[in-house]
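Colleague: Contents of protein-v9.cif (mmCIF, N, CA, C and O atoms and all ligand atoms):
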```
data_data
#
loop_
_atom_site.label_atom_id
_atom_site.label_comp_id
_atom_site.auth_asym_id
_atom_site.auth_seq_id
_atom_site.Cartn_x
_atom_site.Cartn_y
_atom_site.Cartn_z
N MET A 1 -73.34 55.70 -97.55
CA MET A 1 -71.95 56.03 -97.89
C MET A 1 -71.85 56.33 -99.39
O MET A 1 -72.42 55.64 -100.20
N SER A 2 -71.13 57.37 -99.72
CA SER A 2 -70.98 57.72 -101.12
C SER A 2 -69.87 56.88 -101.74
O SER A 2 -69.22 56.10 -101.07
N GLU A 3 -69.64 57.11 -103.02
CA GLU A 3 -68.61 56.33 -103.69
C GLU A 3 -67.24 56.98 -103.66
O GLU A 3 -66.29 56.46 -104.20
N GLN A 4 -67.16 58.14 -103.02
CA GLN A 4 -65.86 58.80 -102.95
C GLN A 4 -64.93 58.04 -102.02
O GLN A 4 -65.35 57.51 -101.00
N ASN A 5 -63.68 58.02 -102.37
CA ASN A 5 -62.72 57.22 -101.62
C ASN A 5 -62.08 57.95 -100.44
O ASN A 5 -61.51 57.33 -99.57
N GLY A 6 -62.15 59.27 -100.46
CA GLY A 6 -61.43 60.04 -99.46
C GLY A 6 -62.16 60.17 -98.14
O GLY A 6 -63.20 59.56 -97.91
N TYR A 7 -61.58 61.00 -97.28
CA TYR A 7 -62.15 61.24 -95.97
C TYR A 7 -62.23 62.74 -95.73
O TYR A 7 -61.39 63.49 -96.20
N VAL A 8 -63.24 63.13 -94.97
CA VAL A 8 -63.35 64.52 -94.55
C VAL A 8 -62.75 64.61 -93.15
O VAL A 8 -63.17 63.88 -92.25
N VAL A 9 -61.74 65.45 -92.99
CA VAL A 9 -61.04 65.53 -91.71
C VAL A 9 -60.97 66.97 -91.22
O VAL A 9 -61.02 67.92 -92.00
N VAL A 10 -60.86 67.11 -89.91
CA VAL A 10 -60.74 68.43 -89.31
C VAL A 10 -59.27 68.68 -88.97
O VAL A 10 -58.61 67.83 -88.37
N PHE A 11 -58.79 69.83 -89.37
CA PHE A 11 -57.39 70.15 -89.13
C PHE A 11 -57.28 71.64 -88.81
O PHE A 11 -57.40 72.48 -89.69
N GLY A 12 -57.10 71.95 -87.55
CA GLY A 12 -56.98 73.35 -87.16
C GLY A 12 -58.30 73.98 -86.75
O GLY A 12 -58.55 75.15 -87.01
N CYS A 13 -59.14 73.19 -86.09
CA CYS A 13 -60.45 73.67 -85.62
C CYS A 13 -60.31 74.82 -84.63
O CYS A 13 -59.51 74.77 -83.72
N LYS A 14 -61.16 75.86 -84.84
CA LYS A 14 -61.16 77.02 -83.94
C LYS A 14 -62.34 76.98 -82.96
O LYS A 14 -62.66 77.98 -82.34
N ARG A 15 -63.02 75.86 -82.90
CA ARG A 15 -64.07 75.62 -81.90
C ARG A 15 -65.28 76.55 -81.99
O ARG A 15 -65.84 76.93 -80.99
N CYS A 16 -65.66 76.90 -83.19
CA CYS A 16 -66.81 77.80 -83.31
C CYS A 16 -68.13 77.05 -83.26
O CYS A 16 -69.18 77.62 -83.02
N GLY A 17 -68.10 75.75 -83.54
CA GLY A 17 -69.31 74.92 -83.43
C GLY A 17 -70.24 74.95 -84.62
O GLY A 17 -71.29 74.32 -84.60
N LYS A 18 -69.91 75.64 -85.68
CA LYS A 18 -70.83 75.77 -86.82
C LYS A 18 -71.02 74.48 -87.59
O LYS A 18 -72.09 74.20 -88.11
N CYS A 19 -69.98 73.70 -87.69
CA CYS A 19 -70.06 72.50 -88.52
C CYS A 19 -71.06 71.48 -87.99
O CYS A 19 -71.76 70.82 -88.74
N LYS A 20 -71.15 71.38 -86.67
CA LYS A 20 -72.04 70.38 -86.08
C LYS A 20 -73.50 70.61 -86.47
O LYS A 20 -74.26 69.67 -86.63
N ASP A 21 -73.89 71.86 -86.59
CA ASP A 21 -75.28 72.19 -86.92
C ASP A 21 -75.65 71.82 -88.34
O ASP A 21 -76.81 71.59 -88.64
N VAL A 22 -74.67 71.78 -89.23
CA VAL A 22 -74.97 71.61 -90.64
C VAL A 22 -74.91 70.15 -91.10
O VAL A 22 -75.46 69.79 -92.13
N CYS A 23 -74.29 69.30 -90.32
CA CYS A 23 -74.13 67.90 -90.76
C CYS A 23 -75.47 67.16 -90.74
O CYS A 23 -76.10 67.05 -89.69
N PRO A 24 -75.90 66.64 -91.88
CA PRO A 24 -77.21 65.98 -91.97
C PRO A 24 -77.25 64.60 -91.32
O PRO A 24 -78.33 64.07 -91.06
N VAL A 25 -76.11 64.02 -91.06
CA VAL A 25 -76.10 62.67 -90.48
C VAL A 25 -75.48 62.63 -89.08
O VAL A 25 -75.19 61.56 -88.55
N ASP A 26 -75.28 63.82 -88.51
CA ASP A 26 -74.79 63.90 -87.13
C ASP A 26 -73.44 63.19 -86.94
O ASP A 26 -73.22 62.52 -85.95
N ALA A 27 -72.58 63.38 -87.91
CA ALA A 27 -71.28 62.69 -87.87
C ALA A 27 -70.21 63.49 -87.14
O ALA A 27 -69.12 62.98 -86.89
N ILE A 28 -70.51 64.74 -86.80
CA ILE A 28 -69.49 65.59 -86.17
C ILE A 28 -69.69 65.60 -84.66
O ILE A 28 -70.80 65.83 -84.17
N TYR A 29 -68.64 65.29 -83.95
CA TYR A 29 -68.69 65.27 -82.49
C TYR A 29 -67.48 66.02 -81.94
O TYR A 29 -66.55 66.34 -82.68
N GLU A 30 -67.54 66.28 -80.66
CA GLU A 30 -66.43 67.02 -80.04
C GLU A 30 -65.57 66.11 -79.18
O GLU A 30 -66.07 65.24 -78.48
N GLU A 31 -64.27 66.34 -79.27
CA GLU A 31 -63.32 65.63 -78.43
C GLU A 31 -62.33 66.66 -77.93
O GLU A 31 -61.64 67.31 -78.72
N ASN A 32 -62.28 66.86 -76.64
CA ASN A 32 -61.46 67.93 -76.06
C ASN A 32 -61.80 69.28 -76.70
O ASN A 32 -60.92 70.07 -77.00
N GLU A 33 -63.09 69.48 -76.94
CA GLU A 33 -63.63 70.72 -77.51
C GLU A 33 -63.26 70.93 -78.98
O GLU A 33 -63.56 71.97 -79.55
N LEU A 34 -62.59 69.98 -79.58
CA LEU A 34 -62.27 70.09 -80.99
C LEU A 34 -63.22 69.21 -81.78
O LEU A 34 -63.55 68.10 -81.35
N SER A 35 -63.66 69.69 -82.93
CA SER A 35 -64.57 68.90 -83.75
C SER A 35 -63.85 67.74 -84.40
O SER A 35 -62.75 67.89 -84.91
N LYS A 36 -64.52 66.59 -84.36
CA LYS A 36 -63.99 65.40 -85.02
C LYS A 36 -65.10 64.83 -85.89
O LYS A 36 -66.27 65.09 -85.66
N ILE A 37 -64.73 64.02 -86.86
CA ILE A 37 -65.72 63.45 -87.76
C ILE A 37 -65.73 61.94 -87.65
O ILE A 37 -64.70 61.28 -87.78
N ASP A 38 -66.91 61.42 -87.40
CA ASP A 38 -67.10 59.97 -87.33
C ASP A 38 -67.12 59.44 -88.77
O ASP A 38 -68.07 59.66 -89.52
N GLN A 39 -66.06 58.76 -89.15
CA GLN A 39 -65.92 58.33 -90.55
C GLN A 39 -66.93 57.26 -90.94
O GLN A 39 -67.21 57.07 -92.13
N ASP A 40 -67.48 56.57 -89.96
CA ASP A 40 -68.50 55.57 -90.27
C ASP A 40 -69.83 56.21 -90.63
O ASP A 40 -70.61 55.65 -91.40
N LYS A 41 -70.09 57.39 -90.07
CA LYS A 41 -71.35 58.08 -90.35
C LYS A 41 -71.25 59.04 -91.53
O LYS A 41 -72.21 59.26 -92.25
N CYS A 42 -70.09 59.65 -91.71
CA CYS A 42 -69.92 60.71 -92.72
C CYS A 42 -70.20 60.19 -94.12
O CYS A 42 -69.69 59.15 -94.53
N THR A 43 -71.01 60.94 -94.88
CA THR A 43 -71.34 60.56 -96.25
C THR A 43 -70.55 61.38 -97.27
O THR A 43 -70.83 61.32 -98.46
N ARG A 44 -69.58 62.18 -96.79
CA ARG A 44 -68.76 63.04 -97.67
C ARG A 44 -69.64 64.02 -98.44
O ARG A 44 -69.40 64.27 -99.62
N CYS A 45 -70.62 64.57 -97.78
CA CYS A 45 -71.51 65.51 -98.47
C CYS A 45 -70.88 66.88 -98.65
O CYS A 45 -71.35 67.69 -99.43
N MET A 46 -69.83 67.16 -97.89
CA MET A 46 -69.04 68.39 -98.01
C MET A 46 -69.71 69.64 -97.41
O MET A 46 -69.17 70.74 -97.54
N LYS A 47 -70.85 69.47 -96.79
CA LYS A 47 -71.52 70.66 -96.23
C LYS A 47 -70.70 71.32 -95.14
O LYS A 47 -70.65 72.54 -95.04
N CYS A 48 -70.06 70.53 -94.31
CA CYS A 48 -69.26 71.11 -93.22
C CYS A 48 -68.06 71.87 -93.77
O CYS A 48 -67.63 72.87 -93.20
N ILE A 49 -67.53 71.41 -94.88
CA ILE A 49 -66.39 72.11 -95.48
C ILE A 49 -66.81 73.50 -95.92
O ILE A 49 -66.10 74.47 -95.71
N ASP A 50 -68.00 73.60 -96.49
CA ASP A 50 -68.48 74.89 -96.95
C ASP A 50 -68.77 75.84 -95.79
O ASP A 50 -68.59 77.04 -95.91
N VAL A 51 -69.22 75.30 -94.67
CA VAL A 51 -69.66 76.16 -93.58
C VAL A 51 -68.54 76.59 -92.64
O VAL A 51 -68.65 77.61 -91.98
N CYS A 52 -67.46 75.88 -92.59
CA CYS A 52 -66.39 76.22 -91.64
C CYS A 52 -65.74 77.55 -92.02
O CYS A 52 -65.16 77.68 -93.10
N PRO A 53 -65.84 78.55 -91.15
CA PRO A 53 -65.28 79.87 -91.46
C PRO A 53 -63.76 79.89 -91.40
O PRO A 53 -63.13 80.86 -91.84
N ASN A 54 -63.17 78.86 -90.84
CA ASN A 54 -61.72 78.83 -90.67
C ASN A 54 -61.01 77.88 -91.61
O ASN A 54 -59.83 77.61 -91.47
N LYS A 55 -61.76 77.34 -92.55
CA LYS A 55 -61.20 76.37 -93.51
C LYS A 55 -60.46 75.25 -92.79
O LYS A 55 -59.39 74.81 -93.23
N ALA A 56 -61.05 74.81 -91.70
CA ALA A 56 -60.41 73.79 -90.88
C ALA A 56 -60.88 72.38 -91.24
O ALA A 56 -60.41 71.40 -90.67
N ILE A 57 -61.80 72.27 -92.16
CA ILE A 57 -62.28 70.95 -92.57
C ILE A 57 -61.88 70.74 -94.03
O ILE A 57 -62.14 71.59 -94.87
N ILE A 58 -61.23 69.62 -94.27
CA ILE A 58 -60.74 69.39 -95.62
C ILE A 58 -61.06 67.98 -96.09
O ILE A 58 -61.23 67.06 -95.28
N TYR A 59 -61.14 67.84 -97.39
CA TYR A 59 -61.38 66.53 -97.99
C TYR A 59 -60.04 65.99 -98.46
O TYR A 59 -59.31 66.65 -99.20
N MET A 60 -59.72 64.80 -98.00
CA MET A 60 -58.45 64.18 -98.40
C MET A 60 -58.70 62.93 -99.21
O MET A 60 -59.49 62.08 -98.81
N GLU A 61 -58.06 62.84 -100.35
CA GLU A 61 -58.20 61.65 -101.20
C GLU A 61 -57.55 60.45 -100.53
O GLU A 61 -56.52 60.58 -99.90
S1 LIG B 1 -66.83 74.99 -88.28
FE1 LIG B 1 -64.59 74.67 -88.41
S2 LIG B 1 -63.67 75.89 -86.78
FE2 LIG B 1 -65.87 75.73 -86.36
S3 LIG B 1 -66.06 73.97 -84.97
FE3 LIG B 1 -66.31 73.19 -87.05
S4 LIG B 1 -64.24 72.57 -87.72
FE4 LIG B 1 -64.02 73.87 -85.91
S1 LIG B 2 -69.03 65.85 -95.06
FE1 LIG B 2 -71.23 65.97 -94.65
S2 LIG B 2 -71.70 64.04 -93.62
FE2 LIG B 2 -69.50 64.32 -93.47
S3 LIG B 2 -69.18 65.34 -91.53
FE3 LIG B 2 -69.30 66.94 -93.10
S4 LIG B 2 -71.46 67.58 -93.11
FE4 LIG B 2 -71.32 65.59 -92.02
#
```
Could I get this structure in the form of structure tokens?
Modeller:
Amino acid sequence: MSEQNGYVVVFGCKRCGKCKDVCPVDAIYEENELSKIDQDKCTRCMKCIDVCPNKAIIYME
């Protein structure tokens, strides 16, 4: 876990599936075909934010 206080959340997922491939700790899973992030696994590396073509993943303080 990093020292950042915020959370990486999915908001407005278009179901393209790209984020799951890029997560190094396998924190992204699907629920009703929408991507969700397991906050216990996520290290806030921000890779999924960069890869999402729909800007559907955001970092919230
Ligand atoms: S990359 Fe973005 S739009 Fe695609 S599945 Fe992930 S959150 Fe959804
Ligand atoms: S921020 Fe990094 S660790 Fe967290 S879900 Fe996205 S790719 Fe995975």
Colleague: If you measure from atom C of Gln39 in chain A to CA of Pro53 in chain A, what distance in Å do you get, rounded to one decimal?
Modeller: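 A separation of 22.7 Å between them.
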Colleague: Take the point (-67.6, 69.2, -85.8) in the file's coordinates, draw a sphere of radius 8 Å around it, and report as a CSV table (one decimal) with N, CA, C and O atoms, keeping the file's coordinate frame every protein, DNA or RNA residue with an atom inside or on it, counting all atoms listed in the file.
Modeller:
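File out.csv, as written:
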```csv
chain,number,residue,atom,x,y,z
A,10,VAL,N,-60.9,67.1,-89.9
A,10,VAL,CA,-60.7,68.4,-89.3
A,10,VAL,C,-59.3,68.7,-89.0
A,10,VAL,O,-58.6,67.8,-88.4
A,17,GLY,N,-68.1,75.8,-83.5
A,17,GLY,CA,-69.3,74.9,-83.4
A,17,GLY,C,-70.2,75.0,-84.6
A,17,GLY,O,-71.3,74.3,-84.6
A,18,LYS,N,-69.9,75.6,-85.7
A,18,LYS,CA,-70.8,75.8,-86.8
A,18,LYS,C,-71.0,74.5,-87.6
A,18,LYS,O,-72.1,74.2,-88.1
A,19,CYS,N,-70.0,73.7,-87.7
A,19,CYS,CA,-70.1,72.5,-88.5
A,19,CYS,C,-71.1,71.5,-88.0
A,19,CYS,O,-71.8,70.8,-88.7
A,20,LYS,N,-71.2,71.4,-86.7
A,20,LYS,CA,-72.0,70.4,-86.1
A,20,LYS,C,-73.5,70.6,-86.5
A,20,LYS,O,-74.3,69.7,-86.6
A,21,ASP,N,-73.9,71.9,-86.6
A,21,ASP,CA,-75.3,72.2,-86.9
A,21,ASP,C,-75.6,71.8,-88.3
A,21,ASP,O,-76.8,71.6,-88.6
A,27,ALA,N,-72.6,63.4,-87.9
A,27,ALA,CA,-71.3,62.7,-87.9
A,27,ALA,C,-70.2,63.5,-87.1
A,27,ALA,O,-69.1,63.0,-86.9
A,28,ILE,N,-70.5,64.7,-86.8
A,28,ILE,CA,-69.5,65.6,-86.2
A,28,ILE,C,-69.7,65.6,-84.7
A,28,ILE,O,-70.8,65.8,-84.2
A,29,TYR,N,-68.6,65.3,-84.0
A,29,TYR,CA,-68.7,65.3,-82.5
A,29,TYR,C,-67.5,66.0,-81.9
A,29,TYR,O,-66.6,66.3,-82.7
A,30,GLU,N,-67.5,66.3,-80.7
A,30,GLU,CA,-66.4,67.0,-80.0
A,30,GLU,C,-65.6,66.1,-79.2
A,30,GLU,O,-66.1,65.2,-78.5
A,31,GLU,N,-64.3,66.3,-79.3
A,31,GLU,CA,-63.3,65.6,-78.4
A,31,GLU,C,-62.3,66.7,-77.9
A,31,GLU,O,-61.6,67.3,-78.7
A,33,GLU,N,-63.1,69.5,-76.9
A,33,GLU,CA,-63.6,70.7,-77.5
A,33,GLU,C,-63.3,70.9,-79.0
A,33,GLU,O,-63.6,72.0,-79.6
A,34,LEU,N,-62.6,70.0,-79.6
A,34,LEU,CA,-62.3,70.1,-81.0
A,34,LEU,C,-63.2,69.2,-81.8
A,34,LEU,O,-63.6,68.1,-81.4
A,35,SER,N,-63.7,69.7,-82.9
A,35,SER,CA,-64.6,68.9,-83.8
A,35,SER,C,-63.8,67.7,-84.4
A,35,SER,O,-62.8,67.9,-84.9
A,36,LYS,N,-64.5,66.6,-84.4
A,36,LYS,CA,-64.0,65.4,-85.0
A,36,LYS,C,-65.1,64.8,-85.9
A,36,LYS,O,-66.3,65.1,-85.7
A,37,ILE,N,-64.7,64.0,-86.9
A,37,ILE,CA,-65.7,63.4,-87.8
A,37,ILE,C,-65.7,61.9,-87.6
A,37,ILE,O,-64.7,61.3,-87.8
A,38,ASP,N,-66.9,61.4,-87.4
A,38,ASP,CA,-67.1,60.0,-87.3
A,38,ASP,C,-67.1,59.4,-88.8
A,38,ASP,O,-68.1,59.7,-89.5
A,48,CYS,N,-70.1,70.5,-94.3
A,48,CYS,CA,-69.3,71.1,-93.2
A,48,CYS,C,-68.1,71.9,-93.8
A,48,CYS,O,-67.6,72.9,-93.2
```
Colleague: Quick one: contact table of chain A to ligand LIG 2 (chain B), 4.5 Å max, nearest atom pair and distance in Å to one decimal per residue, counting only N, CA, C and O atoms and all ligand atoms, chain and number order, as a tab-separated table?
Modeller:
```
residue	atom	partner	partner_atom	distance
A:Cys23	CA	B:LIG2	S4	3.6
A:Cys42	CA	B:LIG2	FE2	3.7
A:Thr43	N	B:LIG2	S2	3.4
A:Arg44	CA	B:LIG2	S1	3.8
A:Cys45	N	B:LIG2	S1	3.4
A:Met46	N	B:LIG2	S1	3.2
A:Lys47	N	B:LIG2	FE1	4.1
A:Cys48	N	B:LIG2	S4	3.5
```
Colleague: What gap, in Å, lies between atom C of Gly12 in chain A and atom N of Asp26 in chain A?
Modeller: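 Interatomic distance here is 19.9 Å.
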Colleague: I need the helix (DSSP H, G or I) residues of chain A per DSSP on the backbone, written as a ChimeraX atom specification.
Modeller: /A:18-22,47-51
Colleague: I'd like the interatomic distance between atom O of Cys13 in chain A and atom O of Asp40 in chain A, to a tenth of an Å.
Modeller: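 These atoms are spaced 23.4 Å apart.
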Colleague: Restricting the calculation to all atoms listed in the file: of A:Pro24, A:Ile57, A:Gln4, A:Lys41, which residue gets closest to ligand LIG 1 (chain B)?
Modeller: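 When distances to ligand LIG 1 (chain B) are compared using all atoms listed in the file, the smallest one comes from A:Ile57.
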Colleague: Pick from A:Met60, A:Cys16, A:Ile49, A:Val22: nearest to ligand LIG 1 (chain B), with only N, CA, C and O atoms and all ligand atoms counted?
Modeller: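 Among A:Met60, A:Cys16, A:Ile49, A:Val22, it is A:Cys16 that comes nearest to ligand LIG 1 (chain B).
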Colleague: List the neighbours of Phe11 in chain A out to 6 Å using all atoms listed in the file; skip same-chain residues closer than 6 positions along the sequence, and give me the result as a PyMOL selection string.
Modeller: chain A and resi 54-58
Colleague: Please, which residues of chain A, numbered as in this document, come out strand (DSSP E or B) from DSSP, as a ChimeraX atom specification?
Modeller: /A:7-10,28-31,34-37,57-60
Colleague: Give the answer as one residue: which of A:Val9, A:Cys52, A:Val25, A:Tyr59 has the shortest atom-to-atom distance to ligand LIG 1 (chain B), using only C-alpha atoms and all ligand atoms?
Modeller: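 Of A:Val9, A:Cys52, A:Val25, A:Tyr59, the one nearest ligand LIG 1 (chain B), counting only C-alpha atoms and all ligand atoms, is A:Cys52.
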Colleague: Output as AutoDock Vina command-line options the centre and edge lengths (Å, one decimal) of the box along x, y and z of the file that holds every listed atom of range 40-44 of chain A after adding 6 Å on each side.
Modeller:
```
--center_x -69.8 --center_y 59.9 --center_z -94.8 --size_x 16.7 --size_y 20.7 --size_z 21.7
```
